[in-house]
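Notes to accompany the following structure.
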Protein chains: 2
Amino acid sequence: MSESIKYNLDESQIPKFWYNLVADLPTPPPPVLHPGTHQPVGPADLEPLFPMSLIMQEVSTEREVEIPEPVREIYRQWRVTPLYRARRLEKALDTPARIYYKYEGVSPAGSHKPNTAVAQAFYNKQAGVKRIATETGAGQWGSSLAFAGAVFGIEIEVFMVRVSYNQKPYRRAMMETYGARCVPSPSRETLSGRAILDQNPDHPGSLGIAISEAVEVAAQRDDTKYALGSVLNHVLLHQTVIGQESIAQMEVADDYPDIVVGCTGGGSNFAGIAFPFIGAQLRGGKNVRVIAVEPAACPSLTRGRYAYDFGDTAHLTPLTMMHTLGSTFTPPGFHAGGLRYHGMAPLVSHLRQLGLIEARAYHQTKCFEAGVAFARAEGIIPAPEANHAVRGAIDEAIRCREEGVSRSILLNLCGHGHLDMQAYADYAAGRLVDQEYDESELAMALSGLPTV
Amino acid sequence: MSESIKYNLDESQIPKFWYNLVADLPTPPPPVLHPGTHQPVGPADLEPLFPMSLIMQEVSTEREVEIPEPVREIYRQWRVTPLYRARRLEKALDTPARIYYKYEGVSPAGSHKPNTAVAQAFYNKQAGVKRIATETGAGQWGSSLAFAGAVFGIEIEVFMVRVSYNQKPYRRAMMETYGARCVPSPSRETLSGRAILDQNPDHPGSLGIAISEAVEVAAQRDDTKYALGSVLNHVLLHQTVIGQESIAQMEVADDYPDIVVGCTGGGSNFAGIAFPFIGAQLRGGKNVRVIAVEPAACPSLTRGRYAYDFGDTAHLTPLTMMHTLGSTFTPPGFHAGGLRYHGMAPLVSHLRQLGLIEARAYHQTKCFEAGVAFARAEGIIPAPEANHAVRGAIDEAIRCREEGVSRSILLNLCGHGHLDMQAYADYAAGRLVDQEYDESELAMALSGLPTV
């Protein structure tokens with residue numbers, strides 16, 4: 001085995017296609033339903049929101065979807081992203097485990113989100129779209145789409161959850177630096193926003209509300225489409241460059257993961273690293289334990305119901321079958337804002353039902369503890385979201401030590417924490433609290449699930 | 001010429017030695033003087049502050065100084081750093097110029113500073129040093145040394161200018177996440193700090209005061225040494241990996257710069273990119289125009305006096321011949337905190353005297369204007385310091401357009417701005433003011449220069 005800490009690929013090895021896991025699944029995921037008729041939606045139903053090329057990717061069953069050359073041209077700026085062997089962390093943990101991490105924080109926006117933002121902006125530009133409306137929670141997605149919009153010359157309008165808009169001026173400044181318009185949500189610019197503000201002018205907002213506002217804007221304006229940063233099939237598809245590169249890099253390392261770990265909010269970075277490995281397994285390759293790590297305060301995979309639900313609060317989206325805490329569930333305000341969503345990607349949920357992935361939930365202080373240990377050993381300060389994956393990987397490495405077994409563990413370090421240092425300051429000062437969600441609120445949100 | 005946007009090197013091409021410009025200079029720089037005797041200092045005079053290996057590098061006249069393998073091992077984590085052709089920026093500027101940028105923001109700390117922090121931590125560890133004391137202004141250097149200290153297991157104590165300590169909690173959180181101790185300066189932990197606080201308990205601090213405190217601590221404790229993040233010869237030496245890699249990458253691009261641009265505060269990132277090109281020219285290679293860009297509010301190279309001066313406020317350091325605004329000069333509080341130093345590196349100053357480099361000064365709003373244009377075209381948001389280099393390069397590219405000439409321009413993008421987004425928010429809101437320094441204060445500071 002090589003003694004390296006970093007496994008490089010030539011830029012000619014940037015994947016030429018996105019990998020579509022649906023082609024290899026033993027059973028297809030349940031269909032997406034129209035919110036009114038409860039009948040499966042067709043491509044035409046989604047046309048007000050997305051360009052047809054993305055809709056066709058959403059419903060594709062082809063194994064390989066070609067990456068257009070202009071998208072690969074932008075990818076080339078930061079891809080192939082590095083895959084590291086965490087030798088110093090292994091030493092600090094005194095573990096026989098071999099820990100690898102794929103690092104997506106080298107993108108211009110500092111996370112994995114540009115992998116799909118660039119693709120979505122490209123297809124919208126190709127379709128003659130002038131403006132894209134979207135939502136953002138903590139701001140990773142909004143800033144990534146703003147970057148992609150600047151590259152392709154598309155106006156970006158971001159509805160940012162109001163509490164984050166006020167608390168995270170750095171992310172907002174990023175979006176505006178890229179030239180995007182950033183609006184605190186709920187806003188008075190939409191019917192759904194006004195309805196909420198009329199009831200409560202100080203409403204802090206939620207991801208579900210911001211989605212409603214962005215969808216409403218896109219549906220109303222002819223020159224405007226909508227974009228989502230996670231959950232949907234085509235978004236997860238675009239992220240599979242992460243796992244494909246990882247497979248090639250693990251080959252350079254002359255190793256193969258026994259365990260793959262990713263954090264899950266909507267599911268996109270997890271899908272990005274995991275799907276290509278799961279696909280390889282389904283096609284007869286080596287078995288891999290795949291672990292999804294989610295926040296204990298927003299535990300859709302471990303505590304949610306597998307049911308049809310809306311993606312937003314105002315119930316403007318189609319119904320998807322997924323692990324959900326209910327579209328009215330509002331998680332506590334923990335620091336990993338990118339994981340604060342009531343639902344889980346339908347494809348990830350389907351994998352859980354098929355028994356192809358495991359899921360576990362951690363509270364945030366244990367994740368920050370892991371993140372600080374990682375930073376001191378490896379030098380990279382992970383984003384609060386990524387700390388969940390780090391925690392999961394460290395716990396598996398500790399198990400290896402306890403069992404005296406050397407396993408190969410690969411985690412997706414989906415972003416750096418330079419824009420979230422306040423969270424680390426709070427952790428260091430002992431101000432981080434492990435918030436519990438409200439059990440009665442969860443019960444109420446679940447009781448409000450649509451009957452299909 | 002290749003159509004690429006990124007010029008890769010194999011990691012085997014990480015330089016094996018640092019390049020020492022002194023070996024190729026037509027005349028050596030003036031000697032460093034003892035603050036008491038005004039006689040040239042010998043290595044023994046510096047021993048309380050630095051390990052002997054670094055002192056020998058400080059006075060070395062060898063052209064090549066070998067990079068120890070453990071340092072290259074850490075470099076490998078992020079080096080070779082990318083060199084890009086800024087094709088989208090060229091298009092946005094409608095210029096025939098070929099603009100290249102070397103990007104140092106991919107390091108764990110987000111800037112070029114770890115290039116020397118890792119080297120300094122290594123040599124201190126080798127010398128059995130237990131603790132390193134240092135100062136930091138905005139925090140780039142402090143966080144980089146904190147990272148290096150974590151890697152090599154050395155305690156790091158950072159005296160951080162108090163106004164930055166309060167205004168920049170993100171950088172402080174970084175240092176503490178890496179395990180460093182961060183003390184607001186002036187502090188009550190040193191004689192020089194107490195003397196200032198006794199006069200003014202609310203003193204905002206300055207880089208010169210923080211240096212005095214760190215030097216004092218290092219001089220007093222047997223197990224503690226001092227480290228500086230810029231200015232000194234050995235610090236500039238360590239940064240030459242930037243320029244050496246750039247020369248090899250420009251070769252891959254089948255091009256060579258007509259103009260090299262870097263921003264200057266203490267001079268380290270500028271030296272890093274420029275010295276290898278200047279050395280090549282001095283050895284008979286192609287002529288290169290080298291431009292140092294500094295803040296108009298702290299213009300040591302363009303408005304300072306070339307004279308012997310102290311590096312700190314309490315006058316504990318040796319005297320060096322440099323362009324200086326006077327050790328008591330306090331620049332206005334502009335956003336590029338990394339460039340707020342009264343003096344310029346002696347080697348950079350010497351080059352200016354020899355006519356081997358040009359210098360120009362810009363106010364900050366013009367630099368942020370350039371930084372926003374760069375971000376929208378290239379996707380990377382530059383650090384406020386780096387915006388000075390971007391401004392310089394853009395102005396040269398505009399000149400190319402006006403003159404109808406295609407020149408090759410290489411700039412050092414020394415760090416990303418993710419930890420400085422408040423500055424961009426202030427710029428977008430029109431809150432950035434182009435502060436002028438106080439002419440009478442400059443006159444007074446210059447009149448206080450030591451007579452040598």
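Ordered as shown in the structure tokens, chains take letters A, B, and onward, while each chain numbers its residues from 1 and ligands are numbered from 1 in the order shown.
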**Report entry** Sel. of helix (DSSP H, G or I) residues, range 95-334 of chain B, as a PyMOL selection string
**Finding:** chain B and resi 114-126+140-152+162-167+169-177+191-199+207-220+233-239+241-252+268-282+300-303
**Report entry** Interface, chain B side, toward chain A (7 Å; only C-alpha atoms) as a ChimeraX atom specification
**Finding:** /B:6,77,106,108,147,150-151,170,173-174,177-178,372,375-377,379-380,418-419,421-422,424-425
Requested in this report: Go through B:Ile247, B:Leu411, B:Leu197, B:Cys400 and flag the residue nearest Gly285 in chain B, using only C-alpha atoms for the distances.
Outcome: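 Looking only at the distances to Gly285 in chain B, the closest residue turns out to be B:Ile247.
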Report task. Step one, run DSSP on the backbone; step two, keep only residues of range 194-424 of chain A assigned to strand (DSSP E); then write them as an NGL selection string. Result -> :A and (224-226 or 259-263 or 289-295 or 305-310 or 319-324 or 358-362 or 408-413)
What does the file look like for those residues with N, CA and C atoms, as an mmCIF file, in the first residue's frame?
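And here is the file that came out, again_32.cif:
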data_model
loop_
_atom_site.group_PDB
_atom_site.id
_atom_site.type_symbol
_atom_site.label_atom_id
_atom_site.label_comp_id
_atom_site.auth_asym_id
_atom_site.auth_seq_id
_atom_site.Cartn_x
_atom_site.Cartn_y
_atom_site.Cartn_z
ATOM 1 N N THR A 224 -38.670 32.730 -15.752
ATOM 2 C CA THR A 224 -38.038 32.291 -14.509
ATOM 3 C C THR A 224 -38.324 30.822 -14.230
ATOM 4 N N LYS A 225 -37.293 30.085 -13.855
ATOM 5 C CA LYS A 225 -37.476 28.703 -13.419
ATOM 6 C C LYS A 225 -37.043 28.584 -11.967
ATOM 7 N N TYR A 226 -37.215 27.367 -11.442
ATOM 8 C CA TYR A 226 -36.907 27.094 -10.046
ATOM 9 C C TYR A 226 -35.738 26.119 -9.988
ATOM 10 N N ILE A 259 -16.327 0.726 4.529
ATOM 11 C CA ILE A 259 -17.399 1.569 5.063
ATOM 12 C C ILE A 259 -17.340 2.928 4.364
ATOM 13 N N VAL A 260 -18.496 3.415 3.916
ATOM 14 C CA VAL A 260 -18.590 4.762 3.347
ATOM 15 C C VAL A 260 -19.541 5.574 4.229
ATOM 16 N N VAL A 261 -19.108 6.781 4.615
ATOM 17 C CA VAL A 261 -19.898 7.603 5.536
ATOM 18 C C VAL A 261 -20.165 8.971 4.927
ATOM 19 N N GLY A 262 -21.409 9.413 5.009
ATOM 20 C CA GLY A 262 -21.756 10.766 4.586
ATOM 21 C C GLY A 262 -22.793 11.348 5.517
ATOM 22 N N CYS A 263 -22.863 12.689 5.580
ATOM 23 C CA CYS A 263 -23.928 13.302 6.373
ATOM 24 C C CYS A 263 -25.146 13.508 5.487
ATOM 25 N N ARG A 289 -20.474 -1.271 3.564
ATOM 26 C CA ARG A 289 -21.441 -0.733 4.528
ATOM 27 C C ARG A 289 -21.520 0.771 4.277
ATOM 28 N N VAL A 290 -22.722 1.270 4.054
ATOM 29 C CA VAL A 290 -22.901 2.690 3.776
ATOM 30 C C VAL A 290 -23.711 3.300 4.917
ATOM 31 N N ILE A 291 -23.143 4.322 5.554
ATOM 32 C CA ILE A 291 -23.765 4.897 6.747
ATOM 33 C C ILE A 291 -24.139 6.351 6.501
ATOM 34 N N ALA A 292 -25.427 6.662 6.673
ATOM 35 C CA ALA A 292 -25.914 8.036 6.606
ATOM 36 C C ALA A 292 -25.981 8.588 8.023
ATOM 37 N N VAL A 293 -25.348 9.741 8.246
ATOM 38 C CA VAL A 293 -25.347 10.333 9.587
ATOM 39 C C VAL A 293 -26.156 11.623 9.549
ATOM 40 N N GLU A 294 -27.154 11.696 10.425
ATOM 41 C CA GLU A 294 -28.024 12.873 10.423
ATOM 42 C C GLU A 294 -28.057 13.504 11.810
ATOM 43 N N PRO A 295 -28.520 14.751 11.898
ATOM 44 C CA PRO A 295 -28.605 15.404 13.206
ATOM 45 C C PRO A 295 -29.747 14.817 14.030
ATOM 46 N N ARG A 305 -41.314 9.130 9.234
ATOM 47 C CA ARG A 305 -42.178 8.103 8.655
ATOM 48 C C ARG A 305 -41.880 8.001 7.159
ATOM 49 N N TYR A 306 -41.927 6.805 6.614
ATOM 50 C CA TYR A 306 -41.750 6.633 5.165
ATOM 51 C C TYR A 306 -43.118 6.781 4.532
ATOM 52 N N ALA A 307 -43.376 7.915 3.932
ATOM 53 C CA ALA A 307 -44.724 8.246 3.460
ATOM 54 C C ALA A 307 -44.664 9.306 2.372
ATOM 55 N N TYR A 308 -45.770 9.459 1.641
ATOM 56 C CA TYR A 308 -45.861 10.557 0.686
ATOM 57 C C TYR A 308 -46.013 11.866 1.452
ATOM 58 N N ASP A 309 -45.225 12.866 1.024
ATOM 59 C CA ASP A 309 -45.327 14.172 1.686
ATOM 60 C C ASP A 309 -44.933 15.270 0.697
ATOM 61 N N PHE A 310 -45.282 16.498 1.095
ATOM 62 C CA PHE A 310 -44.898 17.672 0.319
ATOM 63 C C PHE A 310 -43.458 18.073 0.641
ATOM 64 N N LEU A 319 -46.012 15.436 -4.576
ATOM 65 C CA LEU A 319 -45.834 14.558 -3.418
ATOM 66 C C LEU A 319 -44.772 13.516 -3.741
ATOM 67 N N THR A 320 -43.824 13.349 -2.799
ATOM 68 C CA THR A 320 -42.816 12.312 -3.003
ATOM 69 C C THR A 320 -42.823 11.372 -1.814
ATOM 70 N N MET A 321 -42.512 10.101 -2.103
ATOM 71 C CA MET A 321 -42.417 9.073 -1.075
ATOM 72 C C MET A 321 -41.041 9.193 -0.436
ATOM 73 N N MET A 322 -41.029 9.473 0.864
ATOM 74 C CA MET A 322 -39.723 9.708 1.508
ATOM 75 C C MET A 322 -39.846 9.567 3.012
ATOM 76 N N HIS A 323 -38.697 9.475 3.673
ATOM 77 C CA HIS A 323 -38.693 9.572 5.131
ATOM 78 C C HIS A 323 -38.906 11.030 5.489
ATOM 79 N N THR A 324 -39.962 11.283 6.240
ATOM 80 C CA THR A 324 -40.318 12.673 6.522
ATOM 81 C C THR A 324 -40.743 12.848 7.973
ATOM 82 N N GLU A 358 -27.367 2.124 6.109
ATOM 83 C CA GLU A 358 -27.678 2.285 7.522
ATOM 84 C C GLU A 358 -27.853 3.764 7.820
ATOM 85 N N ALA A 359 -28.504 4.067 8.927
ATOM 86 C CA ALA A 359 -28.637 5.468 9.321
ATOM 87 C C ALA A 359 -28.414 5.585 10.821
ATOM 88 N N ARG A 360 -27.790 6.687 11.216
ATOM 89 C CA ARG A 360 -27.682 6.970 12.648
ATOM 90 C C ARG A 360 -27.722 8.474 12.861
ATOM 91 N N ALA A 361 -28.072 8.877 14.078
ATOM 92 C CA ALA A 361 -28.237 10.301 14.390
ATOM 93 C C ALA A 361 -27.332 10.683 15.558
ATOM 94 N N TYR A 362 -26.717 11.876 15.454
ATOM 95 C CA TYR A 362 -25.868 12.395 16.537
ATOM 96 C C TYR A 362 -26.312 13.805 16.905
ATOM 97 N N SER A 408 -11.187 -0.225 6.160
ATOM 98 C CA SER A 408 -10.989 0.968 5.345
ATOM 99 C C SER A 408 -12.275 1.802 5.385
ATOM 100 N N ILE A 409 -12.148 3.043 5.853
ATOM 101 C CA ILE A 409 -13.313 3.920 6.042
ATOM 102 C C ILE A 409 -13.156 5.150 5.158
ATOM 103 N N LEU A 410 -14.149 5.419 4.342
ATOM 104 C CA LEU A 410 -14.126 6.607 3.468
ATOM 105 C C LEU A 410 -15.250 7.543 3.872
ATOM 106 N N LEU A 411 -14.906 8.803 4.144
ATOM 107 C CA LEU A 411 -15.958 9.768 4.479
ATOM 108 C C LEU A 411 -15.939 10.921 3.494
ATOM 109 N N ASN A 412 -17.093 11.512 3.304
ATOM 110 C CA ASN A 412 -17.188 12.687 2.440
ATOM 111 C C ASN A 412 -17.102 13.942 3.289
ATOM 112 N N LEU A 413 -15.995 14.679 3.134
ATOM 113 C CA LEU A 413 -15.852 15.964 3.814
ATOM 114 C C LEU A 413 -16.406 17.009 2.844
#
Query raised in the report: What lies within 9 Å of Pro184 in chain A using only C-alpha atoms, ignoring chain neighbours under 2 positions off, as JSON, numbers by chain?
Result: {"A": [158, 159, 160, 161, 162, 163, 164, 165, 166, 182, 186, 187, 205, 210]}
**Report entry** All residues 12 Å or closer to range 39-41 of chain B, only C-alpha atoms, same chain fewer than 2 positions away omitted, as a ChimeraX atom specification
**Finding:** /B:30-37,43-47,55,58-59,308,317-321,452
Put those residues in a file: N, CA and C atoms, as an mmCIF file, in the first residue's frame.
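Dumped everything to out04.cif:
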data_model
loop_
_atom_site.group_PDB
_atom_site.id
_atom_site.type_symbol
_atom_site.label_atom_id
_atom_site.label_comp_id
_atom_site.auth_asym_id
_atom_site.auth_seq_id
_atom_site.Cartn_x
_atom_site.Cartn_y
_atom_site.Cartn_z
ATOM 1 N N PRO B 30 21.792 45.673 2.934
ATOM 2 C CA PRO B 30 22.552 46.192 4.082
ATOM 3 C C PRO B 30 22.398 45.276 5.308
ATOM 4 N N PRO B 31 23.389 45.265 6.192
ATOM 5 C CA PRO B 31 23.325 44.354 7.338
ATOM 6 C C PRO B 31 22.252 44.762 8.351
ATOM 7 N N VAL B 32 21.827 43.783 9.141
ATOM 8 C CA VAL B 32 20.917 44.024 10.261
ATOM 9 C C VAL B 32 21.764 44.500 11.435
ATOM 10 N N LEU B 33 21.293 45.534 12.148
ATOM 11 C CA LEU B 33 22.090 46.118 13.237
ATOM 12 C C LEU B 33 21.505 45.813 14.614
ATOM 13 N N HIS B 34 22.401 45.694 15.577
ATOM 14 C CA HIS B 34 21.987 45.523 16.961
ATOM 15 C C HIS B 34 21.352 46.831 17.453
ATOM 16 N N PRO B 35 20.208 46.771 18.146
ATOM 17 C CA PRO B 35 19.515 48.011 18.534
ATOM 18 C C PRO B 35 20.324 48.849 19.528
ATOM 19 N N GLY B 36 21.191 48.212 20.310
ATOM 20 C CA GLY B 36 21.982 48.965 21.280
ATOM 21 C C GLY B 36 23.283 49.484 20.692
ATOM 22 N N THR B 37 24.079 48.575 20.078
ATOM 23 C CA THR B 37 25.421 48.951 19.615
ATOM 24 C C THR B 37 25.438 49.518 18.200
ATOM 25 N N PRO B 43 24.705 35.687 14.383
ATOM 26 C CA PRO B 43 23.714 34.667 14.686
ATOM 27 C C PRO B 43 23.425 34.545 16.184
ATOM 28 N N ALA B 44 24.452 34.693 17.022
ATOM 29 C CA ALA B 44 24.255 34.508 18.461
ATOM 30 C C ALA B 44 23.277 35.531 19.031
ATOM 31 N N ASP B 45 23.273 36.747 18.450
ATOM 32 C CA ASP B 45 22.366 37.777 18.951
ATOM 33 C C ASP B 45 20.892 37.386 18.777
ATOM 34 N N LEU B 46 20.636 36.557 17.776
ATOM 35 C CA LEU B 46 19.240 36.203 17.482
ATOM 36 C C LEU B 46 18.801 34.922 18.181
ATOM 37 N N GLU B 47 19.743 34.266 18.848
ATOM 38 C CA GLU B 47 19.445 32.948 19.408
ATOM 39 C C GLU B 47 18.332 32.916 20.453
ATOM 40 N N ILE B 55 18.023 30.877 11.905
ATOM 41 C CA ILE B 55 18.970 32.002 11.867
ATOM 42 C C ILE B 55 19.951 31.813 10.713
ATOM 43 N N GLU B 58 18.367 32.814 7.676
ATOM 44 C CA GLU B 58 18.219 34.275 7.636
ATOM 45 C C GLU B 58 19.455 34.935 7.032
ATOM 46 N N VAL B 59 20.609 34.372 7.297
ATOM 47 C CA VAL B 59 21.855 34.990 6.822
ATOM 48 C C VAL B 59 22.486 34.228 5.657
ATOM 49 N N TYR B 308 17.092 52.775 8.403
ATOM 50 C CA TYR B 308 17.107 51.777 9.472
ATOM 51 C C TYR B 308 15.966 52.063 10.441
ATOM 52 N N THR B 317 13.321 44.814 18.800
ATOM 53 C CA THR B 317 13.879 44.068 17.663
ATOM 54 C C THR B 317 15.175 44.715 17.186
ATOM 55 N N PRO B 318 15.965 43.987 16.384
ATOM 56 C CA PRO B 318 17.106 44.610 15.721
ATOM 57 C C PRO B 318 16.638 45.691 14.743
ATOM 58 N N LEU B 319 17.615 46.465 14.254
ATOM 59 C CA LEU B 319 17.317 47.499 13.268
ATOM 60 C C LEU B 319 17.554 46.942 11.869
ATOM 61 N N THR B 320 16.580 47.154 10.986
ATOM 62 C CA THR B 320 16.757 46.706 9.611
ATOM 63 C C THR B 320 16.566 47.888 8.665
ATOM 64 N N MET B 321 17.291 47.844 7.572
ATOM 65 C CA MET B 321 17.193 48.869 6.538
ATOM 66 C C MET B 321 15.986 48.526 5.674
ATOM 67 N N VAL B 452 21.289 56.301 12.841
ATOM 68 C CA VAL B 452 22.268 55.216 12.758
ATOM 69 C C VAL B 452 23.520 55.721 12.053
#
Query - Straight-line distance linking CA of Arg85 in chain B with CA of Lys366 in chain B, stated in Å to one decimal - result: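 Between these atoms lies a distance of 22.7 Å.
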**Report entry** Residues within 6 Å of His388 in chain B, only C-alpha atoms, excluding chain neighbours under 2 positions, as a PyMOL selection string
**Finding:** chain B and resi 263+293+367+385-386+390-391
Residues of the last selection are to be written out with N, CA, C and O atoms, as a short mmCIF file (atom, residue, chain, number, x, y, z; two decimals), in the first residue's frame.
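The file below, out-v4.cif, is the result:
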data_model
loop_
_atom_site.label_atom_id
_atom_site.label_comp_id
_atom_site.auth_asym_id
_atom_site.auth_seq_id
_atom_site.Cartn_x
_atom_site.Cartn_y
_atom_site.Cartn_z
N CYS B 263 0.53 41.65 -3.91
CA CYS B 263 0.25 42.69 -2.94
C CYS B 263 1.34 42.66 -1.86
O CYS B 263 1.94 41.61 -1.62
N VAL B 293 1.91 45.96 -5.14
CA VAL B 293 0.74 46.81 -4.92
C VAL B 293 0.45 46.89 -3.43
O VAL B 293 0.28 45.87 -2.76
N CYS B 367 -9.93 48.51 -4.91
CA CYS B 367 -9.49 47.11 -4.81
C CYS B 367 -10.69 46.17 -4.67
O CYS B 367 -10.72 45.09 -5.26
N GLU B 385 -6.65 41.50 1.04
CA GLU B 385 -5.26 41.75 0.68
C GLU B 385 -5.03 41.44 -0.80
O GLU B 385 -4.45 42.23 -1.55
N ALA B 386 -5.51 40.26 -1.22
CA ALA B 386 -5.31 39.82 -2.60
C ALA B 386 -5.98 40.76 -3.59
O ALA B 386 -5.54 40.87 -4.75
N VAL B 390 -5.16 41.92 -7.52
CA VAL B 390 -6.16 41.81 -8.59
C VAL B 390 -6.34 43.17 -9.27
O VAL B 390 -6.37 43.27 -10.50
N ARG B 391 -6.42 44.21 -8.46
CA ARG B 391 -6.56 45.57 -9.02
C ARG B 391 -5.38 45.91 -9.93
O ARG B 391 -5.55 46.41 -11.04
#
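Here the question is which of B:Ile14, B:Val65, B:Ala117, B:Ile209 gets nearest to His315 in chain B using only C-alpha atoms, and that residue is B:Ile209.
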Requested in this report: For Glu90 in chain B, please output as a PyMOL selection string all residues within 10 Å (counting only C-alpha atoms; exclusion window: fewer than 2 positions along the same chain).
Outcome: chain B and resi 85-88+92-100+374+377-378+394+397-398
Atoms kept (N, CA, C and O atoms) for selection, written as an mmCIF file, in the first residue's frame:
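Written file, out.cif:
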data_model
loop_
_atom_site.group_PDB
_atom_site.id
_atom_site.type_symbol
_atom_site.label_atom_id
_atom_site.label_comp_id
_atom_site.auth_asym_id
_atom_site.auth_seq_id
_atom_site.Cartn_x
_atom_site.Cartn_y
_atom_site.Cartn_z
ATOM 1 N N ARG B 85 -5.494 30.122 -15.808
ATOM 2 C CA ARG B 85 -5.658 31.179 -16.804
ATOM 3 C C ARG B 85 -7.058 31.752 -16.593
ATOM 4 O O ARG B 85 -8.062 31.017 -16.628
ATOM 5 N N ALA B 86 -7.130 33.070 -16.364
ATOM 6 C CA ALA B 86 -8.404 33.727 -16.045
ATOM 7 C C ALA B 86 -9.152 34.094 -17.325
ATOM 8 O O ALA B 86 -9.399 35.262 -17.619
ATOM 9 N N ARG B 87 -9.556 33.062 -18.078
ATOM 10 C CA ARG B 87 -10.166 33.322 -19.388
ATOM 11 C C ARG B 87 -11.486 34.086 -19.281
ATOM 12 O O ARG B 87 -11.800 34.933 -20.119
ATOM 13 N N ARG B 88 -12.268 33.782 -18.242
ATOM 14 C CA ARG B 88 -13.561 34.479 -18.126
ATOM 15 C C ARG B 88 -13.353 35.940 -17.726
ATOM 16 O O ARG B 88 -14.085 36.824 -18.168
ATOM 17 N N ALA B 92 -14.484 39.268 -19.748
ATOM 18 C CA ALA B 92 -15.261 40.336 -19.109
ATOM 19 C C ALA B 92 -14.570 41.686 -19.295
ATOM 20 O O ALA B 92 -15.233 42.715 -19.431
ATOM 21 N N LEU B 93 -13.241 41.680 -19.313
ATOM 22 C CA LEU B 93 -12.497 42.936 -19.470
ATOM 23 C C LEU B 93 -12.291 43.291 -20.947
ATOM 24 O O LEU B 93 -11.799 44.371 -21.255
ATOM 25 N N ASP B 94 -12.638 42.343 -21.831
ATOM 26 C CA ASP B 94 -12.431 42.534 -23.269
ATOM 27 C C ASP B 94 -10.985 42.943 -23.556
ATOM 28 O O ASP B 94 -10.713 43.916 -24.252
ATOM 29 N N THR B 95 -10.060 42.182 -22.977
ATOM 30 C CA THR B 95 -8.644 42.528 -23.091
ATOM 31 C C THR B 95 -7.888 41.465 -23.893
ATOM 32 O O THR B 95 -8.203 40.274 -23.782
ATOM 33 N N PRO B 96 -6.903 41.892 -24.685
ATOM 34 C CA PRO B 96 -6.051 40.908 -25.353
ATOM 35 C C PRO B 96 -5.007 40.311 -24.404
ATOM 36 O O PRO B 96 -4.261 39.413 -24.788
ATOM 37 N N ALA B 97 -4.953 40.816 -23.151
ATOM 38 C CA ALA B 97 -3.971 40.313 -22.188
ATOM 39 C C ALA B 97 -4.277 38.864 -21.830
ATOM 40 O O ALA B 97 -5.417 38.421 -21.879
ATOM 41 N N ARG B 98 -3.213 38.129 -21.497
ATOM 42 C CA ARG B 98 -3.374 36.772 -20.969
ATOM 43 C C ARG B 98 -3.122 36.855 -19.467
ATOM 44 O O ARG B 98 -2.000 37.102 -19.032
ATOM 45 N N ILE B 99 -4.222 36.676 -18.693
ATOM 46 C CA ILE B 99 -4.117 36.839 -17.235
ATOM 47 C C ILE B 99 -4.043 35.462 -16.579
ATOM 48 O O ILE B 99 -4.912 34.619 -16.804
ATOM 49 N N TYR B 100 -3.023 35.255 -15.777
ATOM 50 C CA TYR B 100 -2.871 34.020 -15.009
ATOM 51 C C TYR B 100 -2.902 34.355 -13.524
ATOM 52 O O TYR B 100 -2.452 35.424 -13.117
ATOM 53 N N PHE B 374 -13.557 40.129 -10.212
ATOM 54 C CA PHE B 374 -12.834 38.861 -10.276
ATOM 55 C C PHE B 374 -13.735 37.711 -9.817
ATOM 56 O O PHE B 374 -13.812 36.664 -10.469
ATOM 57 N N ALA B 377 -16.355 36.731 -12.341
ATOM 58 C CA ALA B 377 -15.819 36.066 -13.531
ATOM 59 C C ALA B 377 -15.217 34.714 -13.193
ATOM 60 O O ALA B 377 -15.505 33.712 -13.852
ATOM 61 N N GLU B 378 -14.418 34.653 -12.151
ATOM 62 C CA GLU B 378 -13.622 33.456 -11.879
ATOM 63 C C GLU B 378 -14.203 32.577 -10.778
ATOM 64 O O GLU B 378 -13.753 31.443 -10.592
ATOM 65 N N ILE B 394 -5.660 43.873 -13.146
ATOM 66 C CA ILE B 394 -6.747 44.343 -14.012
ATOM 67 C C ILE B 394 -6.352 45.645 -14.697
ATOM 68 O O ILE B 394 -6.594 45.840 -15.899
ATOM 69 N N ALA B 397 -4.191 44.853 -17.505
ATOM 70 C CA ALA B 397 -4.954 44.229 -18.592
ATOM 71 C C ALA B 397 -5.741 45.274 -19.369
ATOM 72 O O ALA B 397 -5.883 45.189 -20.598
ATOM 73 N N ILE B 398 -6.259 46.269 -18.648
ATOM 74 C CA ILE B 398 -6.985 47.360 -19.321
ATOM 75 C C ILE B 398 -6.015 48.154 -20.203
ATOM 76 O O ILE B 398 -6.347 48.543 -21.325
#
Report task. Quick one: everything within 10 Å of Glu189 in chain B, counting only C-alpha atoms, minus sequence neighbours fewer than 5 positions away in the same chain. Send it as a list in words. Result -> Val183, Arg194, Glu213, Ala214, Glu216 and Val217 of chain B
